[in-house]
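Q: protein-v2.cif (mmCIF, C-alpha atoms) pasted underneath:
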data_target
loop_
_atom_site.group_PDB
_atom_site.id
_atom_site.type_symbol
_atom_site.label_atom_id
_atom_site.label_comp_id
_atom_site.auth_asym_id
_atom_site.auth_seq_id
_atom_site.Cartn_x
_atom_site.Cartn_y
_atom_site.Cartn_z
ATOM 1 C CA MET A 1 13.369 9.365 -6.062
ATOM 2 C CA GLU A 2 15.761 9.602 -3.166
ATOM 3 C CA ARG A 3 16.301 6.809 -0.696
ATOM 4 C CA GLU A 4 16.846 8.002 2.861
ATOM 5 C CA ALA A 5 19.146 5.948 5.062
ATOM 6 C CA ASP A 6 17.744 4.760 8.358
ATOM 7 C CA PRO A 7 20.485 3.325 10.593
ATOM 8 C CA ASP A 8 17.974 1.335 12.657
ATOM 9 C CA SER A 9 16.213 -0.277 9.710
ATOM 10 C CA SER A 10 16.666 -3.513 7.827
ATOM 11 C CA PRO A 11 17.328 -3.363 4.069
ATOM 12 C CA MET A 12 13.601 -3.884 3.474
ATOM 13 C CA GLN A 13 12.715 -0.663 5.250
ATOM 14 C CA PHE A 14 13.376 2.488 3.301
ATOM 15 C CA SER A 15 11.730 5.750 2.506
ATOM 16 C CA PHE A 16 11.102 7.706 -0.653
ATOM 17 C CA HIS A 17 8.908 10.608 -1.668
ATOM 18 C CA VAL A 18 6.784 9.914 -4.752
ATOM 19 C CA ASP A 19 3.824 12.113 -5.736
ATOM 20 C CA CYS A 20 1.007 9.792 -6.820
ATOM 21 C CA GLY A 21 -1.407 12.563 -7.794
ATOM 22 C CA GLU A 22 -4.935 13.329 -6.654
ATOM 23 C CA ALA A 23 -6.227 10.104 -5.094
ATOM 24 C CA TRP A 24 -9.390 11.657 -3.633
ATOM 25 C CA THR A 25 -10.934 14.871 -4.942
ATOM 26 C CA GLY A 26 -8.760 17.707 -3.650
ATOM 27 C CA HIS A 27 -6.324 15.389 -1.831
ATOM 28 C CA GLN A 28 -2.817 14.441 -2.999
ATOM 29 C CA LEU A 29 -1.351 11.043 -2.117
ATOM 30 C CA THR A 30 2.422 10.785 -1.634
ATOM 31 C CA ALA A 31 4.027 7.355 -1.255
ATOM 32 C CA THR A 32 6.631 7.708 1.492
ATOM 33 C CA GLY A 33 8.205 4.258 1.848
ATOM 34 C CA LEU A 34 8.026 0.589 2.728
ATOM 35 C CA ARG A 35 7.573 -0.515 6.322
ATOM 36 C CA LEU A 36 8.559 -3.914 7.680
ATOM 37 C CA ASP A 37 5.580 -5.117 9.753
ATOM 38 C CA GLY A 38 6.745 -8.566 10.874
ATOM 39 C CA VAL A 39 6.913 -12.006 9.288
ATOM 40 C CA SER A 40 4.278 -14.219 7.700
ATOM 41 C CA ASP A 41 4.217 -16.729 10.569
ATOM 42 C CA ASP A 42 4.154 -14.351 13.557
ATOM 43 C CA ALA A 43 1.156 -14.045 15.888
ATOM 44 C CA ILE A 44 -0.129 -10.935 14.119
ATOM 45 C CA HIS A 45 0.287 -11.992 10.479
ATOM 46 C CA ALA A 46 -0.072 -15.799 10.375
ATOM 47 C CA ASP A 47 -3.853 -15.666 9.973
ATOM 48 C CA TYR A 48 -3.755 -12.807 7.460
ATOM 49 C CA SER A 49 -1.013 -14.459 5.368
ATOM 50 C CA GLU A 50 -2.759 -17.856 5.656
ATOM 51 C CA HIS A 51 0.493 -19.337 6.936
ATOM 52 C CA HIS A 52 0.486 -23.053 7.671
ATOM 53 C CA ALA A 53 3.079 -25.366 9.220
ATOM 54 C CA GLY A 54 5.899 -26.006 6.771
ATOM 55 C CA GLY A 55 4.962 -23.025 4.605
ATOM 56 C CA PRO A 56 7.524 -20.398 3.622
ATOM 57 C CA ILE A 57 8.208 -17.550 6.037
ATOM 58 C CA HIS A 58 8.664 -14.091 4.532
ATOM 59 C CA PRO A 59 8.755 -10.494 5.754
ATOM 60 C CA MET A 60 5.374 -8.744 5.827
ATOM 61 C CA THR A 61 5.662 -5.255 4.365
ATOM 62 C CA SER A 62 3.339 -2.272 3.867
ATOM 63 C CA LEU A 63 3.490 0.744 1.579
ATOM 64 C CA ILE A 64 3.210 3.873 3.710
ATOM 65 C CA TYR A 65 1.728 7.105 2.380
ATOM 66 C CA ARG A 66 0.660 10.615 3.315
ATOM 67 C CA VAL A 67 -2.434 12.484 2.092
ATOM 68 C CA THR A 68 -2.506 16.305 1.968
ATOM 69 C CA PRO A 69 -4.545 18.103 3.007
ATOM 70 C CA ALA A 70 -5.807 15.771 5.732
ATOM 71 C CA LEU A 71 -8.516 13.376 4.641
ATOM 72 C CA HIS A 72 -11.603 13.467 6.854
ATOM 73 C CA ARG A 73 -14.547 11.085 6.821
ATOM 74 C CA SER A 74 -16.740 13.731 5.158
ATOM 75 C CA ASP A 75 -14.211 13.996 2.289
ATOM 76 C CA LEU A 76 -14.604 10.351 1.314
ATOM 77 C CA ALA A 77 -18.123 10.643 -0.181
ATOM 78 C CA GLY A 78 -18.227 6.850 -0.492
ATOM 79 C CA ARG A 79 -14.846 6.637 -2.250
ATOM 80 C CA GLU A 80 -11.733 4.671 -1.275
ATOM 81 C CA VAL A 81 -8.382 3.863 -2.835
ATOM 82 C CA ASP A 82 -7.761 0.191 -3.536
ATOM 83 C CA ALA A 83 -4.241 -1.253 -3.890
ATOM 84 C CA GLU A 84 -3.112 -4.347 -5.780
ATOM 85 C CA ILE A 85 0.433 -5.662 -5.386
ATOM 86 C CA ARG A 86 2.509 -7.546 -7.965
ATOM 87 C CA LEU A 87 5.984 -8.860 -7.140
ATOM 88 C CA ASP A 88 8.785 -9.678 -9.582
ATOM 89 C CA PRO A 89 9.520 -12.480 -9.345
ATOM 90 C CA PRO A 90 6.101 -13.467 -7.965
ATOM 91 C CA ALA A 91 5.778 -14.995 -4.504
ATOM 92 C CA ASP A 92 5.461 -18.797 -4.491
ATOM 93 C CA PRO A 93 2.196 -19.476 -6.409
ATOM 94 C CA ASN A 94 1.570 -22.526 -4.214
ATOM 95 C CA HIS A 95 1.037 -20.151 -1.290
ATOM 96 C CA TRP A 96 0.133 -16.673 -2.637
ATOM 97 C CA PRO A 97 -1.705 -15.270 -5.654
ATOM 98 C CA SER A 98 0.256 -13.421 -8.359
ATOM 99 C CA VAL A 99 -1.826 -10.300 -7.653
ATOM 100 C CA MET A 100 -2.310 -9.554 -3.962
ATOM 101 C CA SER A 101 -5.213 -7.376 -2.854
ATOM 102 C CA VAL A 102 -4.347 -5.836 0.474
ATOM 103 C CA GLY A 103 -6.079 -4.004 3.269
ATOM 104 C CA GLY A 104 -5.014 -0.755 4.745
ATOM 105 C CA GLU A 105 -4.905 1.556 7.701
ATOM 106 C CA ARG A 106 -5.304 5.295 8.033
ATOM 107 C CA ASP A 107 -4.877 7.788 10.870
ATOM 108 C CA ASN A 108 -7.798 10.232 10.743
ATOM 109 C CA THR A 109 -6.919 12.236 13.854
ATOM 110 C CA PRO A 110 -9.257 15.256 14.065
ATOM 111 C CA GLY A 111 -7.425 18.544 13.492
ATOM 112 C CA SER A 112 -4.489 16.989 11.618
ATOM 113 C CA GLU A 113 -3.081 18.794 8.589
ATOM 114 C CA VAL A 114 -2.100 15.495 6.926
ATOM 115 C CA THR A 115 -3.360 11.919 6.969
ATOM 116 C CA ASP A 116 -0.840 9.091 7.256
ATOM 117 C CA GLY A 117 -1.774 5.604 6.113
ATOM 118 C CA ALA A 118 -0.557 2.292 4.740
ATOM 119 C CA PHE A 119 -1.558 -0.314 2.170
ATOM 120 C CA GLY A 120 -0.711 -3.824 3.307
ATOM 121 C CA PRO A 121 0.737 -5.871 4.702
ATOM 122 C CA PHE A 122 1.928 -8.144 1.908
ATOM 123 C CA VAL A 123 4.656 -10.807 1.718
ATOM 124 C CA LEU A 124 8.028 -9.709 0.366
ATOM 125 C CA PRO A 125 10.180 -12.798 -0.244
ATOM 126 C CA ALA A 126 13.976 -12.567 -0.390
ATOM 127 C CA GLY A 127 14.984 -12.169 -4.015
ATOM 128 C CA THR A 128 12.106 -9.848 -4.907
ATOM 129 C CA ARG A 129 13.529 -7.379 -7.429
ATOM 130 C CA HIS A 130 10.540 -5.162 -8.161
ATOM 131 C CA ILE A 131 7.200 -4.270 -6.603
ATOM 132 C CA ALA A 132 4.355 -2.799 -8.675
ATOM 133 C CA ILE A 133 1.500 -1.282 -6.671
ATOM 134 C CA SER A 134 -1.576 -0.318 -8.705
ATOM 135 C CA LEU A 135 -3.923 2.230 -7.140
ATOM 136 C CA GLU A 136 -7.550 2.796 -8.092
ATOM 137 C CA ASN A 137 -10.158 5.180 -6.679
ATOM 138 C CA ILE A 138 -13.283 3.059 -6.209
ATOM 139 C CA SER A 139 -16.844 3.585 -5.007
ATOM 140 C CA VAL A 140 -17.843 1.890 -1.765
ATOM 141 C CA VAL A 141 -21.389 0.896 -0.848
ATOM 142 C CA THR A 142 -21.792 0.887 2.934
ATOM 143 C CA GLY A 143 -24.827 -0.685 4.584
ATOM 144 C CA GLY A 144 -26.623 -0.800 1.233
ATOM 145 C CA ILE A 145 -26.253 2.969 0.832
ATOM 146 C CA PRO A 146 -24.652 4.024 -2.454
ATOM 147 C CA PRO A 147 -21.794 6.556 -2.313
ATOM 148 C CA ARG A 148 -22.565 10.286 -2.560
ATOM 149 C CA ASP A 149 -19.959 10.473 -5.319
ATOM 150 C CA SER A 150 -21.214 7.993 -7.907
ATOM 151 C CA SER A 151 -18.557 8.701 -10.537
ATOM 152 C CA PRO A 152 -16.981 5.652 -12.196
ATOM 153 C CA ASP A 153 -14.007 3.917 -10.619
ATOM 154 C CA ARG A 154 -10.781 5.644 -11.679
ATOM 155 C CA TYR A 155 -7.400 3.996 -12.231
ATOM 156 C CA LEU A 156 -4.820 6.301 -10.638
ATOM 157 C CA GLY A 157 -1.595 4.681 -11.801
ATOM 158 C CA GLU A 158 1.150 2.392 -10.610
ATOM 159 C CA LEU A 159 3.980 2.851 -8.129
ATOM 160 C CA LEU A 160 7.065 0.975 -9.340
ATOM 161 C CA ILE A 161 9.704 0.133 -6.724
ATOM 162 C CA ASP A 162 13.172 -1.292 -7.338
ATOM 163 C CA VAL A 163 13.784 -3.224 -4.115
ATOM 164 C CA SER A 164 17.576 -3.437 -4.403
ATOM 165 C CA SER A 165 18.124 0.308 -4.893
ATOM 166 C CA GLY A 166 15.078 1.667 -3.082
ATOM 167 C CA ALA A 167 14.238 3.786 -6.124
ATOM 168 C CA ALA A 168 10.550 4.388 -6.737
ATOM 169 C CA ARG A 169 8.610 6.148 -9.493
ATOM 170 C CA TRP A 170 4.989 6.831 -10.366
ATOM 171 C CA ALA A 171 3.538 5.749 -13.711
ATOM 172 C CA ALA A 172 0.315 7.679 -14.314
ATOM 173 C CA PRO A 173 -2.210 6.376 -16.868
#
In structure tokens, what does this structure look like?

A:
Amino acid sequence: MEREADPDSSPMQFSFHVDCGEAWTGHQLTATGLRLDGVSDDAIHADYSEHHAGGPIHPMTSLIYRVTPALHRSDLAGREVDAEIRLDPPADPNHWPSVMSVGGERDNTPGSEVTDGAFGPFVLPAGTRHIAISLENISVVTGGIPPRDSSPDRYLGELLIDVSSGAARWAAP
């Protein structure tokens, strides 16, 4: 996949265009890049990264994506996409787990033709060579109400990113 140069970005920020298939019924997810969100000890991320005095400080990064057509609340039917992050080499095991489950954000502006979102943030220590991001479509019970779509959870695949080159590829199951 092509890496697009951004003259205002750090080496950790780059874009790519990787088709990750149908993440929600009728909706394609395309991974579009990595975004530098801050550092693990800043005011926004210190609590999330569980930073403590004397702990390592690393960039906080998110995977950004686009969903087409736009994903609206009614399309979810009690389904979400969950992301798990693995780094090679792993982040310091004294501070972070080898598999990081991350949160996310999504812009669901009414009338949009696409939905932009992100999985993260997660730590990205210097020296990280590869990032593997596993995606799974899962059912979500909200307020004790089961999802309208009760199909089993579905492993979507894994996005593999070479940090030094910015190359990314999708490995479907």

Q: Mind listing whatever residues come within 8 Å of the point (-9.1, 3.1, -3.6)? Use all atoms listed in the file, file coordinates, and give them as a VMD selection string.

A: chain A and resid 23 79 to 83 135 to 139

Q: Run through the PyMOL selection byres ((chain A and resi 70) around 9) on the given coordinates and return the selected residues as an NGL selection string.

A: :A and (27 or 66-69 or 71-72 or 108-109 or 111-116)

Q: Calculate how many Å separate CA of Pro147 (chain A) from CA of Trp24 (chain A), rounding to one decimal.

A: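 Between CA of Pro147 (chain A) and CA of Trp24 (chain A) the gap is 13.5 Å.
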
Q: Go through A:Asp37, A:Asp88, A:Asp149, A:Glu22 one by one, measure the shortest atom-to-atom distance of each to Ser164 (chain A) using all atoms listed in the file, and give the residue with the smallest value.

A: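 Residue with the minimum atom-to-atom distance to Ser164 (chain A): A:Asp88.
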
Q: So that all listed atoms of region 126-138 of chain A fit with 8 Å spare on each side, what axis-aligned box centre and edge lengths in Å, to one decimal, would you give as JSON?

A:
{"center_x": 0.9, "center_y": -3.7, "center_z": -4.5, "size_x": 44.3, "size_y": 33.7, "size_z": 24.3}

Q: Taking into account only C-alpha atoms, which residue in the set A:Ile85, A:Leu63, A:Ala77, A:Ala31 is nearest to Met100 (chain A)?

A: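 Smallest distance to Met100 (chain A) is found for A:Ile85.
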
Q: With all atoms listed in the file as the basis for distance, which of A:Val140, A:Leu156, A:Gly55, A:Gly78 is at the shortest distance from Gln28 (chain A)?

A: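 Checking each of A:Val140, A:Leu156, A:Gly55, A:Gly78 against Gln28 (chain A), counting all atoms listed in the file, the winner is A:Leu156.
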
Q: Name the closest residue to Pro93 (chain A) among the candidates A:Ala168, A:Pro56, A:Leu76, A:Glu105; distances are taken between atoms, counting only C-alpha atoms.

A: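 Comparing A:Ala168, A:Pro56, A:Leu76, A:Glu105 against Pro93 (chain A), the winner is A:Pro56.
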
Q: Choose the residue, out of A:Thr142, A:Asn94, A:Thr61, A:Ser150, that has the smallest atom-to-atom separation from Gly33 (chain A); count all atoms listed in the file.

A: A:Thr61

Q: Go through A:Pro89, A:Gly144, A:Val123, A:Ile64 and flag the residue nearest Ser15 (chain A), using only C-alpha atoms for the distances.

A: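 Smallest distance to Ser15 (chain A) is found for A:Ile64.
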